[in-house]
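*Asks:* Hey, dropping query.tsv in here, TSV, C-alpha atoms:
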chain	number	residue	atom	x	y	z
I	104	MET	CA	65.29	92.10	99.21
I	105	TRP	CA	65.56	94.09	95.97
I	106	GLU	CA	62.81	93.49	93.49
I	107	SER	CA	64.98	93.97	90.44
I	108	SER	CA	68.65	94.06	89.61
I	109	GLU	CA	68.22	97.73	88.67
I	110	GLU	CA	66.99	98.44	92.18
I	111	LYS	CA	69.96	96.55	93.63
I	112	LYS	CA	72.35	98.52	91.45
I	113	GLU	CA	70.78	101.81	92.47
I	114	ALA	CA	71.07	100.87	96.16
I	115	PHE	CA	74.69	99.72	95.70
I	116	LYS	CA	75.56	103.00	94.01
I	117	VAL	CA	74.03	105.08	96.78
I	118	GLU	CA	75.12	102.98	99.76
I	119	ALA	CA	78.42	101.36	98.80
I	120	LEU	CA	80.22	103.14	95.98
I	121	ALA	CA	80.50	106.39	97.94
I	122	HIS	CA	83.09	104.77	100.22
I	123	ILE	CA	85.79	103.82	97.67
I	124	ASP	CA	88.16	106.60	98.79
I	125	THR	CA	87.62	105.80	102.46
I	126	LEU	CA	88.31	102.09	101.96
I	127	TYR	CA	91.36	102.78	99.84
I	128	ASN	CA	92.79	105.13	102.48
I	129	ALA	CA	92.41	102.41	105.12
I	130	ALA	CA	93.63	99.62	102.81
I	131	LEU	CA	96.80	101.61	102.25
I	132	LYS	CA	97.37	101.70	106.01
I	133	PHE	CA	96.81	97.93	106.20
I	134	THR	CA	99.04	96.96	103.27
I	135	TYR	CA	101.51	99.85	102.82
I	136	ASN	CA	101.56	99.16	99.10
I	137	ARG	CA	99.47	100.97	96.49
I	138	ASP	CA	98.98	97.96	94.24
I	139	ASP	CA	97.99	95.69	97.12
I	140	ALA	CA	95.66	98.38	98.48
I	141	SER	CA	93.99	98.72	95.05
I	142	ASP	CA	93.63	94.93	94.71
I	143	LEU	CA	92.27	94.67	98.24
I	144	VAL	CA	89.65	97.39	97.66
I	145	GLN	CA	88.65	95.91	94.30
I	146	GLU	CA	88.20	92.46	95.78
I	147	THR	CA	86.25	93.94	98.68
I	148	TYR	CA	83.83	95.63	96.27
I	149	PHE	CA	83.41	92.55	94.08
I	150	LYS	CA	82.51	90.50	97.17
I	151	ALA	CA	80.28	93.27	98.49
I	152	TYR	CA	78.36	93.41	95.21
I	153	LYS	CA	78.03	89.65	95.04
I	154	PHE	CA	76.74	89.42	98.61
I	155	PHE	CA	74.90	92.74	98.71
I	156	GLY	CA	71.75	90.80	99.56
I	157	ASN	CA	73.30	90.14	103.01
I	158	PHE	CA	73.61	93.84	103.75
I	159	GLU	CA	70.83	95.07	106.00
I	160	PRO	CA	69.52	98.42	104.77
I	161	GLY	CA	69.49	100.95	107.56
I	162	THR	CA	72.71	99.63	109.11
I	163	SER	CA	76.07	101.21	108.33
I	164	CYS	CA	77.20	100.17	104.86
I	165	LYS	CA	80.63	101.64	105.57
I	166	ALA	CA	81.04	99.28	108.57
I	167	TRP	CA	79.79	96.35	106.47
I	168	LEU	CA	82.33	97.13	103.74
I	169	PHE	CA	85.11	97.45	106.32
I	170	LYS	CA	84.28	94.02	107.67
I	171	ILE	CA	84.70	92.53	104.19
I	172	LEU	CA	87.89	94.56	103.73
I	173	LYS	CA	89.32	93.28	107.00
I	174	ASN	CA	88.41	89.63	106.29
I	175	THR	CA	89.85	89.81	102.78
I	176	PHE	CA	93.00	91.40	104.14
I	177	ILE	CA	93.45	88.79	106.88
I	178	ASN	CA	92.80	85.87	104.55
I	179	LYS	CA	94.75	86.93	101.55
I	180	TYR	CA	97.12	89.81	102.06
I	181	ARG	CA	98.34	89.70	105.62
I	182	ARG	CA	101.21	87.25	105.23
I	183	LYS	CA	102.27	88.79	101.98
I	184	VAL	CA	102.52	92.34	103.24
I	185	ARG	CA	103.91	92.01	106.76
I	186	GLN	CA	106.56	94.67	106.94
I	187	PRO	CA	110.04	93.57	107.99
I	188	GLU	CA	110.47	96.49	110.41
I	189	GLN	CA	107.03	96.01	111.88
I	190	VAL	CA	106.86	94.94	115.51
I	191	ASP	CA	105.36	91.54	116.10
I	192	PHE	CA	102.13	91.59	118.10
I	193	ASP	CA	102.82	88.43	120.11
I	194	ALA	CA	106.28	89.63	121.08
I	195	VAL	CA	105.19	93.06	122.21
I	196	GLU	CA	101.70	92.49	123.60
I	197	PRO	CA	102.61	91.39	127.18
I	198	TYR	CA	105.00	94.31	127.70
I	199	VAL	CA	103.02	97.28	126.45
I	200	ASP	CA	101.56	98.11	129.84
I	201	LEU	CA	105.06	98.60	131.19
I	202	ILE	CA	105.57	101.50	128.78
I	203	ARG	CA	103.23	103.77	130.64
I	204	ASP	CA	105.26	104.54	133.75
I	205	LYS	CA	108.52	104.98	131.92
I	206	THR	CA	107.30	107.30	129.19
I	207	LEU	CA	105.38	109.46	131.57
I	208	ASP	CA	108.30	110.33	133.81
I	209	PRO	CA	108.36	114.06	134.53
I	210	GLY	CA	110.25	115.88	131.83
I	211	GLU	CA	109.76	113.06	129.38
I	212	SER	CA	106.23	113.71	128.27
I	213	LEU	CA	105.31	115.45	125.05
I	214	ASP	CA	103.55	118.69	125.76
I	215	GLU	CA	100.72	119.87	123.58
I	216	ASP	CA	102.84	122.21	121.44
I	217	ILE	CA	105.20	119.43	120.49
I	218	PHE	CA	102.23	117.26	119.60
I	219	LYS	CA	100.89	120.00	117.39
I	220	SER	CA	104.16	120.40	115.52
I	221	HIS	CA	104.60	116.71	114.86
I	222	MET	CA	104.96	116.11	111.16
I	223	SER	CA	102.54	113.76	109.49
I	224	ASP	CA	105.52	111.71	108.25
I	225	ASP	CA	106.45	110.86	111.85
I	226	VAL	CA	102.89	109.87	112.60
I	227	LYS	CA	102.82	107.73	109.46
I	228	THR	CA	106.09	106.02	110.34
I	229	ALA	CA	105.01	105.36	113.93
I	230	LEU	CA	101.70	103.90	112.77
I	231	ALA	CA	103.47	101.64	110.26
I	232	ARG	CA	105.67	100.23	113.03
I	233	LEU	CA	102.73	99.17	115.17
I	234	PRO	CA	101.80	95.50	115.32
I	235	GLU	CA	98.97	94.96	112.86
I	236	GLU	CA	96.39	94.09	115.54
I	237	PHE	CA	96.94	97.47	117.21
I	238	ARG	CA	97.23	99.41	113.97
I	239	MET	CA	93.94	98.12	112.59
I	240	VAL	CA	91.91	99.25	115.60
I	241	LEU	CA	93.67	102.62	115.62
I	242	VAL	CA	92.82	103.10	111.94
I	243	LEU	CA	89.20	102.12	112.56
I	244	SER	CA	88.82	104.27	115.67
I	245	ASP	CA	91.03	107.32	115.34
I	246	ILE	CA	91.09	107.69	111.56
I	247	GLU	CA	87.71	106.33	110.52
I	248	GLY	CA	85.76	107.26	113.65
I	249	PHE	CA	83.99	103.93	114.18
I	250	SER	CA	82.45	103.28	117.60
I	251	TYR	CA	83.77	100.46	119.84
I	252	LYS	CA	80.67	98.42	118.98
I	253	GLU	CA	81.26	98.80	115.25
I	254	ILE	CA	84.96	97.96	115.61
I	255	SER	CA	84.08	94.89	117.65
I	256	ASP	CA	81.76	93.77	114.81
I	257	ILE	CA	84.34	94.49	112.12
I	258	MET	CA	87.20	92.81	113.96
I	259	ASP	CA	85.11	89.92	115.37
I	260	CYS	CA	86.38	90.50	118.88
I	261	PRO	CA	84.84	91.64	122.19
I	262	ILE	CA	84.55	95.36	122.99
I	263	GLY	CA	87.00	94.87	125.89
I	264	THR	CA	89.64	93.67	123.43
I	265	VAL	CA	89.00	96.69	121.20
I	266	ARG	CA	89.50	98.98	124.18
I	267	SER	CA	92.69	97.31	125.35
I	268	ARG	CA	94.21	97.22	121.84
I	269	LEU	CA	93.41	100.90	121.40
I	270	SER	CA	94.96	101.74	124.73
I	271	ARG	CA	98.08	99.71	124.03
I	272	GLY	CA	98.35	100.88	120.44
I	273	ARG	CA	98.21	104.51	121.53
I	274	LYS	CA	100.85	103.90	124.20
I	275	LEU	CA	103.20	102.38	121.64
I	276	MET	CA	102.52	105.26	119.22
I	277	TYR	CA	103.28	107.67	122.03
I	278	LYS	CA	106.54	105.93	122.76
I	279	TYR	CA	107.65	106.03	119.11
I	280	LEU	CA	106.62	109.68	118.71
I	281	LEU	CA	108.47	110.64	121.87
I	282	LYS	CA	111.57	108.99	120.45
I	283	TYR	CA	111.23	110.85	117.13
I	284	ALA	CA	110.63	114.14	118.97
I	285	LYS	CA	113.81	113.63	120.99
I	286	ALA	CA	115.75	112.80	117.84
I	287	GLU	CA	114.47	116.05	116.33
I	288	GLY	CA	115.80	117.96	119.33
I	289	TYR	CA	112.67	118.61	121.36
A	111	MET	CA	87.60	107.22	141.99
A	112	LYS	CA	90.92	105.43	142.39
A	113	CYS	CA	93.75	106.07	139.93
A	114	SER	CA	93.81	102.40	138.89
A	115	VAL	CA	90.12	102.53	137.97
A	116	VAL	CA	90.49	105.85	136.15
A	117	LYS	CA	93.49	104.60	134.15
A	118	ASP	CA	91.50	101.58	133.01
A	119	LEU	CA	88.73	103.84	131.78
A	120	LEU	CA	90.89	106.53	130.14
A	121	THR	CA	90.79	105.07	126.63
A	122	ALA	CA	87.00	104.94	126.66
A	123	TYR	CA	87.00	108.45	128.19
A	124	VAL	CA	89.13	109.80	125.31
A	125	ASP	CA	86.75	108.17	122.81
A	126	SER	CA	83.61	109.45	124.61
A	127	GLU	CA	82.42	105.88	125.03
A	128	LEU	CA	81.50	106.26	128.74
A	129	SER	CA	78.20	107.27	130.28
A	130	ASP	CA	77.81	110.98	131.07
A	131	GLU	CA	78.08	110.13	134.75
A	132	SER	CA	81.40	108.24	134.42
A	133	GLN	CA	82.74	110.90	132.06
A	134	ALA	CA	81.97	113.57	134.73
A	135	GLN	CA	83.53	111.51	137.53
A	136	ILE	CA	86.73	111.20	135.53
A	137	ASP	CA	86.68	114.92	134.74
A	138	THR	CA	86.65	115.62	138.47
A	139	HIS	CA	89.48	113.15	139.10
A	140	LEU	CA	91.62	114.60	136.29
A	141	GLU	CA	91.36	118.09	137.76
A	142	GLU	CA	93.13	116.83	140.86
A	143	CYS	CA	95.44	114.07	139.64
A	144	ASP	CA	98.55	115.00	137.67
A	145	SER	CA	99.55	111.47	136.75
A	146	CYS	CA	96.16	110.46	135.31
A	147	ARG	CA	95.87	113.77	133.51
A	148	LYS	CA	99.23	113.23	131.80
A	149	GLU	CA	98.18	109.79	130.70
A	150	MET	CA	94.90	111.13	129.37
A	151	GLN	CA	96.76	113.87	127.46
A	152	ALA	CA	99.10	111.29	125.94
A	153	GLN	CA	96.19	109.23	124.65
A	154	MET	CA	94.28	112.28	123.50
A	155	GLY	CA	97.41	113.57	121.74
A	156	VAL	CA	97.87	110.35	119.76
A	157	HIS	CA	94.14	110.26	118.97
A	158	ARG	CA	94.26	113.83	117.62
A	159	LEU	CA	97.45	113.28	115.63
A	160	LEU	CA	95.89	110.31	113.89
A	161	SER	CA	92.57	111.95	113.23
A	162	GLU	CA	93.92	115.35	112.18
A	163	LYS	CA	97.50	115.06	110.92
A	164	LEU	CA	97.37	112.14	108.54
A	165	GLU	CA	96.63	112.97	104.95
A	166	ARG	CA	93.72	111.02	103.48
A	167	VAL	CA	94.81	109.32	100.29
A	168	LYS	CA	92.25	109.10	97.49
A	169	ALA	CA	91.83	106.13	95.21
A	170	ASP	CA	92.98	106.58	91.61
A	171	PRO	CA	90.18	107.32	89.12
A	172	GLU	CA	91.19	104.12	87.24
A	173	LEU	CA	90.48	102.02	90.35
A	174	LYS	CA	87.08	103.64	90.74
A	175	GLN	CA	86.28	103.00	87.09
A	176	GLN	CA	87.35	99.39	87.40
A	177	ILE	CA	85.17	98.82	90.48
A	178	ILE	CA	82.17	100.53	88.91
A	179	LYS	CA	82.63	98.63	85.65
A	180	LYS	CA	82.81	95.25	87.36
A	181	THR	CA	79.93	95.82	89.76
A	182	VAL	CA	77.04	98.04	88.71
A	183	GLY	CA	78.32	98.46	85.16
A	184	GLN	CA	78.54	94.81	84.29
A	185	SER	CA	75.12	94.06	82.81
A	186	LYS	CA	75.96	95.17	79.28
A	187	ALA	CA	79.12	93.09	79.24
A	188	LYS	CA	77.22	90.07	80.51
A	189	GLN	CA	74.57	90.47	77.87
A	190	PHE	CA	77.23	90.65	75.21
A	191	TRP	CA	78.94	87.56	76.60
A	192	PHE	CA	75.61	85.74	76.69
A	193	VAL	CA	74.91	86.51	73.03
A	194	ARG	CA	78.43	85.47	72.09
A	195	LYS	CA	78.07	82.20	73.99
A	196	LEU	CA	74.81	81.48	72.20
A	197	GLN	CA	76.41	82.24	68.85
A	198	PHE	CA	79.25	79.85	69.65
A	199	GLU	CA	76.99	77.05	70.87
A	200	LEU	CA	74.67	77.35	67.90
A	201	ARG	CA	77.43	77.49	65.30
A	202	PRO	CA	76.83	73.91	63.99
A	203	VAL	CA	73.22	74.74	63.24
A	204	THR	CA	73.78	77.92	61.34
A	205	GLY	CA	70.25	78.36	60.08
A	206	PHE	CA	68.81	77.91	63.56
A	207	ALA	CA	71.49	80.17	64.99
A	208	ILE	CA	70.57	82.97	62.63
A	209	ALA	CA	66.90	82.57	63.50
A	210	ALA	CA	67.72	82.52	67.23
A	211	LEU	CA	69.91	85.59	66.90
A	212	LEU	CA	67.16	87.40	65.06
A	213	VAL	CA	64.77	86.58	67.89
A	214	ILE	CA	67.32	87.68	70.50
A	215	THR	CA	67.97	90.89	68.60
A	216	PHE	CA	64.25	91.51	68.39
A	217	LEU	CA	63.77	90.82	72.13
A	218	THR	CA	66.75	92.90	73.14
A	219	LYS	CA	65.43	95.77	71.05
A	220	ASP	CA	62.13	95.52	72.89
A	221	MET	CA	63.87	95.39	76.25
A	222	ILE	CA	65.85	98.50	75.44
A	223	LEU	CA	62.71	100.27	74.33
A	224	ASP	CA	60.97	99.16	77.52
A	225	ARG	CA	63.77	100.48	79.65
A	226	GLN	CA	63.74	103.76	77.84
A	227	SER	CA	60.03	104.06	78.21
A	228	ILE	CA	60.17	103.92	82.01
A	229	ILE	CA	62.60	106.84	82.25
A	230	PRO	CA	60.49	109.84	83.21
A	231	VAL	CA	60.83	112.68	80.78
A	232	ASN	CA	62.10	115.92	82.24
A	233	PRO	CA	60.78	115.55	85.81
A	234	THR	CA	62.48	118.70	87.01
A	235	GLY	CA	62.19	120.90	83.97
A	236	ILE	CA	65.89	121.63	84.23
A	237	SER	CA	68.17	121.00	81.32
A	238	THR	CA	71.12	118.76	81.92
A	239	GLN	CA	74.44	120.00	80.62
A	240	ILE	CA	76.28	116.70	80.71
A	241	PRO	CA	77.86	115.67	77.47
A	242	VAL	CA	78.53	112.00	76.84
A	243	VAL	CA	81.80	111.49	78.66
A	244	SER	CA	83.85	108.52	79.68
A	245	ASP	CA	84.19	107.64	83.38
A	246	GLY	CA	86.47	109.89	85.37
A	247	MET	CA	86.36	112.83	82.93
A	248	GLU	CA	85.66	116.36	84.08
A	249	ALA	CA	82.19	117.67	83.34
A	250	SER	CA	79.44	119.89	84.68
A	251	ILE	CA	76.03	118.67	85.68
A	252	THR	CA	73.06	120.81	86.57
A	253	GLY	CA	70.13	119.36	88.43
A	254	LYS	CA	67.93	119.50	91.45
A	255	LEU	CA	68.91	118.20	94.90
A	256	VAL	CA	66.41	115.65	96.16
A	257	CYS	CA	66.40	112.96	98.82
A	258	VAL	CA	67.31	109.88	96.76
A	259	GLY	CA	65.36	107.50	99.00
A	260	CYS	CA	62.17	109.58	98.90
A	261	TYR	CA	62.55	110.11	95.16
A	262	LEU	CA	62.93	106.40	94.39
A	263	LYS	CA	60.09	105.59	96.76
A	264	ASN	CA	57.70	108.08	95.21
A	265	LYS	CA	58.71	107.33	91.65
A	266	TYR	CA	59.19	103.57	91.69
A	267	GLY	CA	57.88	102.38	95.05
A	268	ALA	CA	61.38	101.48	96.35
A	269	HIS	CA	61.43	100.25	99.93
A	270	HIS	CA	63.35	103.09	101.46
A	271	ASP	CA	62.50	104.23	104.97
A	272	CYS	CA	63.84	107.77	105.33
A	273	LYS	CA	61.83	108.38	108.49
A	274	LEU	CA	63.88	105.68	110.20
A	275	HIS	CA	67.24	106.02	108.49
A	276	GLY	CA	67.40	109.67	107.53
A	277	HIS	CA	67.37	111.51	104.22
A	278	LYS	CA	70.31	111.49	101.84
A	279	LEU	CA	70.55	114.03	99.04
A	280	GLY	CA	71.39	113.28	95.44
A	281	LEU	CA	71.10	115.19	92.19
A	282	VAL	CA	68.31	114.56	89.70
A	283	THR	CA	68.95	115.76	86.17
A	284	SER	CA	66.36	116.55	83.54
A	285	ASP	CA	66.69	113.11	81.94
A	286	GLY	CA	65.58	111.50	85.21
A	287	ASN	CA	69.03	110.19	86.12
A	288	ILE	CA	70.08	110.33	89.75
A	289	TRP	CA	73.64	111.21	90.71
A	290	SER	CA	75.38	110.53	94.00
A	291	PHE	CA	78.57	112.04	95.35
A	292	THR	CA	81.86	110.51	96.49
A	293	ASP	CA	82.69	111.03	100.17
A	294	THR	CA	84.41	114.41	100.39
A	295	LYS	CA	84.13	117.49	102.56
A	296	LEU	CA	82.66	119.38	99.62
A	297	ALA	CA	80.05	116.67	99.13
A	298	ASP	CA	79.16	116.97	102.82
A	299	LEU	CA	78.58	120.69	102.28
A	300	VAL	CA	76.34	120.04	99.31
A	301	CYS	CA	74.36	117.03	100.43
A	302	GLY	CA	74.86	117.02	104.22
A	303	ASP	CA	72.58	119.98	104.66
A	304	MET	CA	68.89	119.23	104.17
A	305	GLU	CA	68.31	122.96	103.65
A	306	MET	CA	69.80	122.38	100.21
A	307	GLU	CA	66.94	120.05	99.27
A	308	GLY	CA	64.98	121.32	96.29
A	309	LYS	CA	67.73	123.70	95.21
A	310	THR	CA	69.05	123.70	91.69
A	311	ILE	CA	72.82	123.47	91.58
A	312	LYS	CA	75.55	123.17	89.02
A	313	LEU	CA	78.29	120.73	89.91
A	314	ASP	CA	81.75	120.64	88.33
A	315	GLY	CA	83.94	117.64	88.89
A	316	ASN	CA	85.00	114.21	87.75
A	317	VAL	CA	82.00	112.32	86.52
A	318	PHE	CA	81.65	108.56	86.68
A	319	TYR	CA	78.90	108.05	84.19
A	320	THR	CA	78.53	104.30	84.66
A	321	ALA	CA	77.78	104.57	88.37
A	322	HIS	CA	76.31	108.05	88.29
A	323	PHE	CA	78.85	109.33	90.77
A	324	ILE	CA	80.35	112.79	90.90
A	325	ASP	CA	83.61	113.76	92.55
A	326	ILE	CA	82.62	117.35	93.26
A	327	LYS	CA	85.29	119.98	92.62
A	328	ASN	CA	83.07	123.02	92.62
A	329	TYR	CA	79.40	123.82	92.96
A	330	THR	CA	77.19	126.77	92.19
A	331	VAL	CA	73.70	127.27	93.56
A	332	MET	CA	71.67	128.48	90.60
A	333	GLU	CA	69.18	131.31	90.47
A	334	GLY	CA	65.47	130.77	90.78
A	335	ASN	CA	65.44	128.13	93.51
A	336	GLU	CA	62.23	126.90	94.95
Represent the structure contained in this file as structure tokens.
*Replies:*
Amino acid sequence: MWESSEEKKEAFKVEALAHIDTLYNAALKFTYNRDDASDLVQETYFKAYKFFGNFEPGTSCKAWLFKILKNTFINKYRRKVRQPEQVDFDAVEPYVDLIRDKTLDPGESLDEDIFKSHMSDDVKTALARLPEEFRMVLVLSDIEGFSYKEISDIMDCPIGTVRSRLSRGRKLMYKYLLKYAKAEGY
Amino acid sequence: MKCSVVKDLLTAYVDSELSDESQAQIDTHLEECDSCRKEMQAQMGVHRLLSEKLERVKADPELKQQIIKKTVGQSKAKQFWFVRKLQFELRPVTGFAIAALLVITFLTKDMILDRQSIIPVNPTGISTQIPVVSDGMEASITGKLVCVGCYLKNKYGAHHDCKLHGHKLGLVTSDGNIWSFTDTKLADLVCGDMEMEGKTIKLDGNVFYTAHFIDIKNYTVMEGNE
């Protein structure tokens, strides 16, 4: 694809290296540990450089890098970093839909002002508590702004699954945030 | 539209992933239905908190240096390793080794000269103010904003299709080097606006010399733009 290694380097600099901060920010939300996040991003870039010939110019390099990041995370870091207080996906998955009716009882919903005043620490804590499968799609969608199609490519799952994990992840987040808001006296 | 259908579609509605027609149908439903509207607001609220409230954490400069060094910056190290390996393997035949090393030194010298000779001299007529710095250090660079793809295509015949994939601005300095920018809001201001193309600007920030990347902290559009 590239006629010389110089050309490959130039393309890698322009296309890939601009996303180090973005990948690190996401890696931190996957691993919740600075050292692991650094290792994960480094490994992602080494693989990306090695296999840069597989990247199709004109497609999103950021999405391509995120796919490598996600695969590296799943294969190497996931078991190591699972947080003790984190909710297990398999345990919670069947019950998430039940949350809706309860949280949205009149008088129990968060109005817009309360949402606005929510501290980023609460949001961070709530996100960290989410089962990993939900958290990853929320990071990709709400934080990184990927489309459903891109997330489905990155996560290797159908678009319907992306949608349902987003919906359930947001409901759980809502539930946690409502709890924190109540604890803070709202 | 029934509430059950609307509730199934709310996530995609919040993410603007529906067709205009479905989006409008749901708009109409939400105006009338309190329960669906509350659910939409809950999802939208979480979406906004995540996209707006969370601080974006930057990678340490050391991590960036390490990545750059071990990817695009690795050729020099490899060359060194290759010469060392040759030296080691040829140690028993010292005379031959010396001859071989002389040849390698001679070839390498030629290669370096060749590489230098393809660097265009002063293509912009603008002097670069970058001193020799190590990766991650603060420095100022002055140069001209060009579309990197078009520039590489015109200069070296690179296969870059800007018509299809869009232009992307970078900074060309007087020594012919091209600089890109790390993903920041400031960089978006500088290179996200094609009106800036052709302008001469001075950038202050952390400079990653190996990868020709700049973490822009400040920029000044210089006088006498084209």
*Asks:* Just want the 9 Å neighbourhood of A:Asp170, counted on all atoms listed in the file, with same-chain residues fewer than 5 positions away dropped. Output as a VMD selection string.
*Replies:* (chain I and resid 124 141) or (chain A and resid 175)
*Asks:* With 7 Å as the limit and counting all atoms listed in the file, what residues in chain I lie close to chain A? Please list them as a list in words.
*Replies:*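 The contacting residues on chain I are Lys112, Lys116, Val117, Ala121, His122, Ile123, Asp124, Tyr127, Asn128, Ser141, Gln145, Tyr148, Phe149, Tyr152, Gly161, Phe218, Ser223, Asp245, Ile246, Arg266, Ser270, Arg273, Met276 and Tyr277 of chain I.
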*Asks:* To one decimal place in Å, what is the distance between atom CA of A:Glu248 and atom CA of A:Val317?
*Replies:* 6.0 Å
*Asks:* In Å to one decimal, how far is atom CA of I:Ile257 from atom CA of A:Phe318?
*Replies:* 29.2 Å
*Asks:* From the options I:Asn157, I:Thr125, I:Ser250, I:Thr162, which residue's atoms come nearest to I:Val144, counting all atoms listed in the file?
*Replies:* I:Thr125
*Asks:* Can you work out which one of I:Lys227, I:Ala151, I:Pro234, I:Phe133 has the shortest atom-to-atom distance to I:Arg268, counting only C-alpha atoms?
*Replies:*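 Between I:Lys227, I:Ala151, I:Pro234, I:Phe133, the residue approaching I:Arg268 most closely is I:Pro234.
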*Asks:* What is the atom CA of A:Val115-atom CA of I:Ile262 distance in Å, reported with one decimal?
*Replies:*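 Computing it gives 17.5 Å between the two atoms.
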*Asks:* For stretch 138-142 of chain A, what centre and edge lengths in Å (one decimal) does the axis-aligned box get once 6 Å is added on each side of all its listed atoms, as AutoDock Vina command-line options?
*Replies:*
--center_x 89.9 --center_y 115.6 --center_z 138.6 --size_x 18.5 --size_y 16.9 --size_z 16.6
*Asks:* For A:Asp137, please output as a VMD selection string all residues within 10 Å (counting only C-alpha atoms; exclusion window: fewer than 6 positions along the same chain).
*Replies:* chain A and resid 116 123 131 147
*Asks:* If you count only C-alpha atoms, which residues fall within 8 Å of I:Leu269, apart from same-chain ones fewer than 5 positions away, as a ChimeraX atom specification?
*Replies:* /I:237,240-241 /A:121
*Asks:* Excluding I:Lys170 and any residue of its chain fewer than 6 positions from it, enumerate the residues within 9 Å of it, using only C-alpha atoms, and give them as a list of chain:residue names.
*Replies:* I:Ile254, I:Asp256, I:Ile257, I:Met258, I:Asp259
*Asks:* Check the smallest atom-to-atom distance from each of I:Asp142, I:Asn178, I:Val265, I:Gly156 to I:Ser107 using only C-alpha atoms, then report the winner.
*Replies:*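 Closest residue, counting only C-alpha atoms: I:Gly156.
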*Asks:* Dump stretch 256-269 of chain A with N, CA and C atoms to a file, as a PDB file, in the first residue's frame.
*Replies:*
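Saved result, part_15.pdb, follows:
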ATOM      1  N   VAL A 256      -0.800  24.011   5.279  1.00  0.00           N
ATOM      2  CA  VAL A 256      -1.128  23.409   3.973  1.00  0.00           C
ATOM      3  C   VAL A 256      -1.938  22.144   4.215  1.00  0.00           C
ATOM      4  N   CYS A 257      -2.623  21.673   3.190  1.00  0.00           N
ATOM      5  CA  CYS A 257      -3.271  20.368   3.310  1.00  0.00           C
ATOM      6  C   CYS A 257      -2.160  19.322   3.138  1.00  0.00           C
ATOM      7  N   VAL A 258      -1.974  18.498   4.183  1.00  0.00           N
ATOM      8  CA  VAL A 258      -0.857  17.550   4.181  1.00  0.00           C
ATOM      9  C   VAL A 258      -0.969  16.577   3.003  1.00  0.00           C
ATOM     10  N   GLY A 259      -2.205  16.075   2.786  1.00  0.00           N
ATOM     11  CA  GLY A 259      -2.406  15.114   1.698  1.00  0.00           C
ATOM     12  C   GLY A 259      -2.038  15.702   0.347  1.00  0.00           C
ATOM     13  N   CYS A 260      -2.548  16.915   0.068  1.00  0.00           N
ATOM     14  CA  CYS A 260      -2.268  17.566  -1.220  1.00  0.00           C
ATOM     15  C   CYS A 260      -0.772  17.838  -1.355  1.00  0.00           C
ATOM     16  N   TYR A 261      -0.156  18.268  -0.243  1.00  0.00           N
ATOM     17  CA  TYR A 261       1.256  18.613  -0.264  1.00  0.00           C
ATOM     18  C   TYR A 261       2.103  17.381  -0.607  1.00  0.00           C
ATOM     19  N   LEU A 262       1.804  16.268   0.082  1.00  0.00           N
ATOM     20  CA  LEU A 262       2.585  15.044  -0.159  1.00  0.00           C
ATOM     21  C   LEU A 262       2.338  14.513  -1.567  1.00  0.00           C
ATOM     22  N   LYS A 263       1.100  14.709  -2.024  1.00  0.00           N
ATOM     23  CA  LYS A 263       0.757  14.242  -3.371  1.00  0.00           C
ATOM     24  C   LYS A 263       1.515  15.051  -4.428  1.00  0.00           C
ATOM     25  N   ASN A 264       1.473  16.374  -4.280  1.00  0.00           N
ATOM     26  CA  ASN A 264       2.143  17.229  -5.255  1.00  0.00           C
ATOM     27  C   ASN A 264       3.658  17.054  -5.228  1.00  0.00           C
ATOM     28  N   LYS A 265       4.176  16.929  -4.008  1.00  0.00           N
ATOM     29  CA  LYS A 265       5.626  16.905  -3.836  1.00  0.00           C
ATOM     30  C   LYS A 265       6.218  15.534  -4.150  1.00  0.00           C
ATOM     31  N   TYR A 266       5.550  14.485  -3.659  1.00  0.00           N
ATOM     32  CA  TYR A 266       6.158  13.155  -3.756  1.00  0.00           C
ATOM     33  C   TYR A 266       5.272  12.134  -4.477  1.00  0.00           C
ATOM     34  N   GLY A 267       4.126  12.563  -4.951  1.00  0.00           N
ATOM     35  CA  GLY A 267       3.233  11.640  -5.644  1.00  0.00           C
ATOM     36  C   GLY A 267       2.542  10.651  -4.711  1.00  0.00           C
ATOM     37  N   ALA A 268       2.368  11.033  -3.421  1.00  0.00           N
ATOM     38  CA  ALA A 268       1.693  10.122  -2.474  1.00  0.00           C
ATOM     39  C   ALA A 268       0.253   9.881  -2.922  1.00  0.00           C
ATOM     40  N   HIS A 269      -0.234   8.679  -2.648  1.00  0.00           N
ATOM     41  CA  HIS A 269      -1.609   8.355  -3.060  1.00  0.00           C
ATOM     42  C   HIS A 269      -2.591   8.850  -2.018  1.00  0.00           C
TER      43      HIS A 269
END
